[in-house]
Every structure is written in structure tokens, then in C-alpha cells.
Amino acid sequence: MAVSYVHPEDLEDICKMLAKETVCRWLFFGPNTPEATTAYFTPLIESVSAALYEGRIPESPVFTISSKKNREFAGQCAILPVEFSPGSYLIGYQIDDKYHGKGFGTEACEFLVYYAFTFTDAYRLNGDTAEGNPASRKIMERCGFEFEGRRKKYWHARGDYHDHLLYGLLKESLDESFQEYLRLKWG
């Protein structure tokens with residue numbers, strides 16, 4: 001898997017991915033129209049481009065994920081600052097359905113942990129998922145996140161209610177061997 005900062009030319013692939021029911025099944029948003037995805041991602045892309053042009057780390061870094069084998073778009077991931085809580089970030093990753101079950105989600109999460117704790121002021125990462133998405137729970141747990149709580153019937157979609165599961169990872173509680181693994185893999 002290869003990771004790079006998002007570029008304007010990535011928007012078409014992101015729009016196609018987030019229009020799919022198979023990708024958005026467990027997301028708290030989508031499937032989206034291309035217009036909705038464009039409206040959401042354009043300011044983020046512009047912010048990343050401006051920060052990189054100025055030689056600084058983006059405040060809300062968004063990345064694209066591609067297959068190393070063929071450089072094909074495989075998804076996107078990001079860390080977004082939590083309002084009024086400097087150093088606390090929400091992680092997110094969406095993997096295109098063609099790449100589900102192939103380790104891209106785990107690698108994306110690993111990369112976000114490495115990036116956040118190496119290049120930002122992060123002291124805490126937050127993750128969440130719908131209860132019916134065991135893959136995302138396993139990904140976060142593999143990357144050191146701890147289950148912190150449940151919001152019952154938080155999300156209503158596709159004719160049913162879904163519990164919202166909350167996960168967290170403190171920089172100080174990150175296992176040293178996992179930190180070394182991340183440095184070797186992503187550093």
C-alpha cells in the first residue's frame with residue numbers, strides 16, 4: 001500500500017468510491033452524490049495543498065491510498081482535529097470495495113497512528129464505528145485503540161438503528177514494540 005497527500009485530481013476517485021453502497025454501508029454518511037462529496041472534500045484538498053505549498057504540516061491532513069502493485073486508487077484516510085481540544089484527532093479511513101479484506105484498512109490505520117504521533121501535536125486519537133462493522137473494530141484494536149464506550153441507537157440508517165462504538169488511543173499508552181514497528185514500516 002502507498003499513501004500520499006490528497007490532490008485535486010484524486011477527487012473523482014473519492015467521489016466514485018463514496019457513491020457506493022458497499023463502501024458506505026457502515027459509515028455515518030453516504031452513499032453520497034458526487035456534488036456532496038465534492039463540497040465536503042474540496043476545502044480539505046485546498047487546505048492540504050496550501051499547507052504543503054507553504055512548507056507546513058496540514059491541520060486536517062487527508063491522504064489517498066493506492067495499491068503499490070499497480071498504483072490504483074484504493075481509498076482515503078484522514079486525521080481531523082477535534083474542536084476545542086488541541087492535540088486530539090479523529091481518525092477515518094474508507095477503503096474501496098475492490099480492496100476490502102486485503103489489509104488496506106489496517107495499514108491505513110497504522111499509518112494514521114504513525115503520522116499523528118510523529119508529525120502533529122497529537123496526544124490522543126479517536127476512532128468510531130457502527131456496531132455492525134466488526135472489521136473496523138478489529139482494525140482499531142490491532143492498532144492499539146481501546147474500546148471506550150457505546151452510544152445506543154445513535155445512528156438510524158437503512159431501516160434500522162445502530163449503536164455507535166467509541167475507541168481511543170493515547171500516545172502515552174502506545175506499546176513500545178508497536179511504535180518501533182510503525183517507525184520501521186512508515187518512517
# chains A, B, ... in the order shown; residues from 1 in each chain; ligands from 1

$ select_by_dssp --residues "segment 8-186 of chain A" --states "strand (DSSP E)" --output "number ranges by chain"
A: 62-66, 73-81, 88-95, 124-130, 146-157, 160-170

$ write_last_selection --atoms "C-alpha atoms" --output "compact mmCIF listing (two decimals), in the first residue's frame"
# COMPACT_ATOMS: atom_id res chain seq x y z
CA VAL A 62 -6.19 13.84 4.12
CA PHE A 63 -4.40 11.07 2.26
CA THR A 64 -5.11 8.80 -0.67
CA ILE A 65 -4.30 5.13 -0.52
CA SER A 66 -3.18 3.21 -3.56
CA PHE A 73 -6.72 4.16 -6.10
CA ALA A 74 -7.76 2.02 -3.12
CA GLY A 75 -9.23 4.54 -0.67
CA GLN A 76 -8.59 7.54 1.50
CA CYS A 77 -7.83 8.27 5.14
CA ALA A 78 -7.50 11.33 7.34
CA ILE A 79 -6.95 12.74 10.78
CA LEU A 80 -9.20 15.65 11.68
CA PRO A 81 -8.72 17.86 14.72
CA SER A 88 -6.98 15.35 19.95
CA TYR A 89 -7.83 14.00 16.50
CA LEU A 90 -10.48 11.83 14.90
CA ILE A 91 -9.18 9.19 12.51
CA GLY A 92 -11.09 7.98 9.48
CA TYR A 93 -10.47 5.57 6.64
CA GLN A 94 -12.61 4.46 3.72
CA ILE A 95 -11.42 1.62 1.53
CA ARG A 124 -4.94 11.35 21.63
CA LEU A 125 -6.61 9.68 18.65
CA ASN A 126 -10.33 8.91 18.50
CA GLY A 127 -12.00 6.33 16.31
CA ASP A 128 -15.57 5.21 15.91
CA THR A 129 -17.67 2.71 14.03
CA ALA A 130 -21.13 1.23 13.87
CA GLU A 146 -9.19 0.72 23.31
CA PHE A 147 -12.97 0.44 23.42
CA GLU A 148 -14.25 3.40 25.43
CA GLY A 149 -17.99 3.35 25.09
CA ARG A 150 -21.22 2.80 23.25
CA ARG A 151 -23.97 5.19 22.20
CA LYS A 152 -27.09 3.07 21.88
CA LYS A 153 -29.28 3.55 18.81
CA TYR A 154 -27.12 6.52 17.83
CA TRP A 155 -27.45 6.18 14.09
CA HIS A 156 -30.52 5.40 12.01
CA ALA A 157 -29.83 4.15 8.51
CA ASP A 160 -32.57 0.17 11.41
CA TYR A 161 -30.86 1.69 14.42
CA HIS A 162 -27.16 1.15 15.00
CA ASP A 163 -25.06 1.56 18.14
CA HIS A 164 -22.06 3.88 17.84
CA LEU A 165 -18.86 2.37 19.26
CA LEU A 166 -16.17 4.73 20.51
CA TYR A 167 -12.44 3.96 20.59
CA GLY A 168 -9.44 5.92 21.81
CA LEU A 169 -5.66 5.74 21.77
CA LEU A 170 -3.42 7.85 23.99

$ residues_around --residues "Trp186 of chain A" --least-positions-apart "5" --cutoff "9 Å" --atoms "only C-alpha atoms" --output "list in words"
Glu110, Phe111, Tyr114, Tyr115 and Tyr181 of chain A

$ write_last_selection --atoms "N, CA and C atoms" --output "PDB file, in the first residue's frame"
ATOM      1  N   GLU A 110      -2.697   2.082  10.784  1.00  0.00           N
ATOM      2  CA  GLU A 110      -1.310   2.123  11.259  1.00  0.00           C
ATOM      3  C   GLU A 110      -0.629   3.419  10.815  1.00  0.00           C
ATOM      4  N   PHE A 111      -0.819   3.745   9.536  1.00  0.00           N
ATOM      5  CA  PHE A 111      -0.201   4.964   9.007  1.00  0.00           C
ATOM      6  C   PHE A 111      -0.701   6.192   9.754  1.00  0.00           C
ATOM      7  N   TYR A 114       0.946   6.419  13.158  1.00  0.00           N
ATOM      8  CA  TYR A 114       2.332   6.854  12.986  1.00  0.00           C
ATOM      9  C   TYR A 114       2.396   8.350  12.656  1.00  0.00           C
ATOM     10  N   TYR A 115       1.630   8.763  11.659  1.00  0.00           N
ATOM     11  CA  TYR A 115       1.661  10.152  11.206  1.00  0.00           C
ATOM     12  C   TYR A 115       1.257  11.102  12.338  1.00  0.00           C
ATOM     13  N   TYR A 181       7.687  -0.871  15.384  1.00  0.00           N
ATOM     14  CA  TYR A 181       7.146  -1.448  14.151  1.00  0.00           C
ATOM     15  C   TYR A 181       6.686  -0.335  13.202  1.00  0.00           C
TER      16      TYR A 181
END

$ atom_distance --atom1 "atom CA of Val23 of chain A" --atom2 "atom CA of Asp96 of chain A"
6.0 Å

$ select_by_dssp --residues "segment 15-144 of chain A" --states "helix (DSSP H, G or I)" --output "ChimeraX atom specification"
/A:15-17,21-24,34-53,97-99,104-119,134-142

$ write_last_selection --atoms "C-alpha atoms" --output "CSV table (one decimal), in the first residue's frame"
chain,number,residue,atom,x,y,z
A,15,CYS,CA,-16.5,10.6,-5.4
A,16,LYS,CA,-16.8,7.3,-7.2
A,17,MET,CA,-15.9,5.3,-4.0
A,21,GLU,CA,-23.4,1.4,-1.0
A,22,THR,CA,-20.8,-1.3,-0.5
A,23,VAL,CA,-18.3,1.3,0.7
A,24,CYS,CA,-20.7,3.4,2.8
A,34,PRO,CA,-20.6,13.5,-6.5
A,35,GLU,CA,-21.8,17.0,-5.6
A,36,ALA,CA,-22.0,16.3,-1.9
A,37,THR,CA,-18.5,14.6,-1.8
A,38,THR,CA,-17.0,17.4,-3.8
A,39,ALA,CA,-18.5,20.0,-1.5
A,40,TYR,CA,-17.1,18.2,1.6
A,41,PHE,CA,-13.6,17.4,0.2
A,42,THR,CA,-12.8,20.5,-1.8
A,43,PRO,CA,-12.0,22.7,1.2
A,44,LEU,CA,-9.9,19.9,2.7
A,45,ILE,CA,-8.0,19.4,-0.5
A,46,GLU,CA,-7.4,23.1,-0.8
A,47,SER,CA,-6.2,23.3,2.8
A,48,VAL,CA,-3.8,20.4,2.3
A,49,SER,CA,-2.4,22.0,-1.0
A,50,ALA,CA,-2.0,25.4,0.7
A,51,ALA,CA,-0.1,23.9,3.7
A,52,LEU,CA,2.2,21.9,1.5
A,53,TYR,CA,2.9,24.9,-0.7
A,97,ASP,CA,-14.8,-2.3,-2.1
A,98,LYS,CA,-12.3,-3.9,-4.5
A,99,TYR,CA,-9.8,-3.7,-1.7
A,104,PHE,CA,-5.6,-1.8,3.4
A,105,GLY,CA,-7.8,-0.7,6.4
A,106,THR,CA,-5.3,-1.9,8.9
A,107,GLU,CA,-2.4,-0.3,7.0
A,108,ALA,CA,-4.3,2.9,6.7
A,109,CYS,CA,-5.0,3.0,10.5
A,110,GLU,CA,-1.3,2.1,11.3
A,111,PHE,CA,-0.2,5.0,9.0
A,112,LEU,CA,-2.6,7.4,10.7
A,113,VAL,CA,-1.3,6.4,14.2
A,114,TYR,CA,2.3,6.9,13.0
A,115,TYR,CA,1.7,10.2,11.2
A,116,ALA,CA,-0.4,11.7,14.0
A,117,PHE,CA,2.1,10.8,16.8
A,118,THR,CA,5.2,11.7,14.7
A,119,PHE,CA,4.2,14.8,12.8
A,134,PRO,CA,-16.6,-5.9,13.1
A,135,ALA,CA,-13.8,-5.3,10.5
A,136,SER,CA,-13.3,-1.7,11.6
A,137,ARG,CA,-13.4,-2.7,15.3
A,138,LYS,CA,-10.7,-5.2,14.7
A,139,ILE,CA,-8.6,-2.7,12.7
A,140,MET,CA,-8.6,-0.2,15.5
A,141,GLU,CA,-7.9,-2.8,18.2
A,142,ARG,CA,-4.9,-4.2,16.2

$ closest_residue --among "A:Leu182, A:Ala122, A:Leu27, A:Leu11" --to "Cys143 of chain A" --atoms "only C-alpha atoms"
A:Leu182

$ atom_distance --atom1 "atom CA of Gly144 of chain A" --atom2 "atom CA of Leu184 of chain A"
16.9 Å

$ atom_distance --atom1 "atom CA of Asn70 of chain A" --atom2 "atom CA of Ile57 of chain A"
27.8 Å
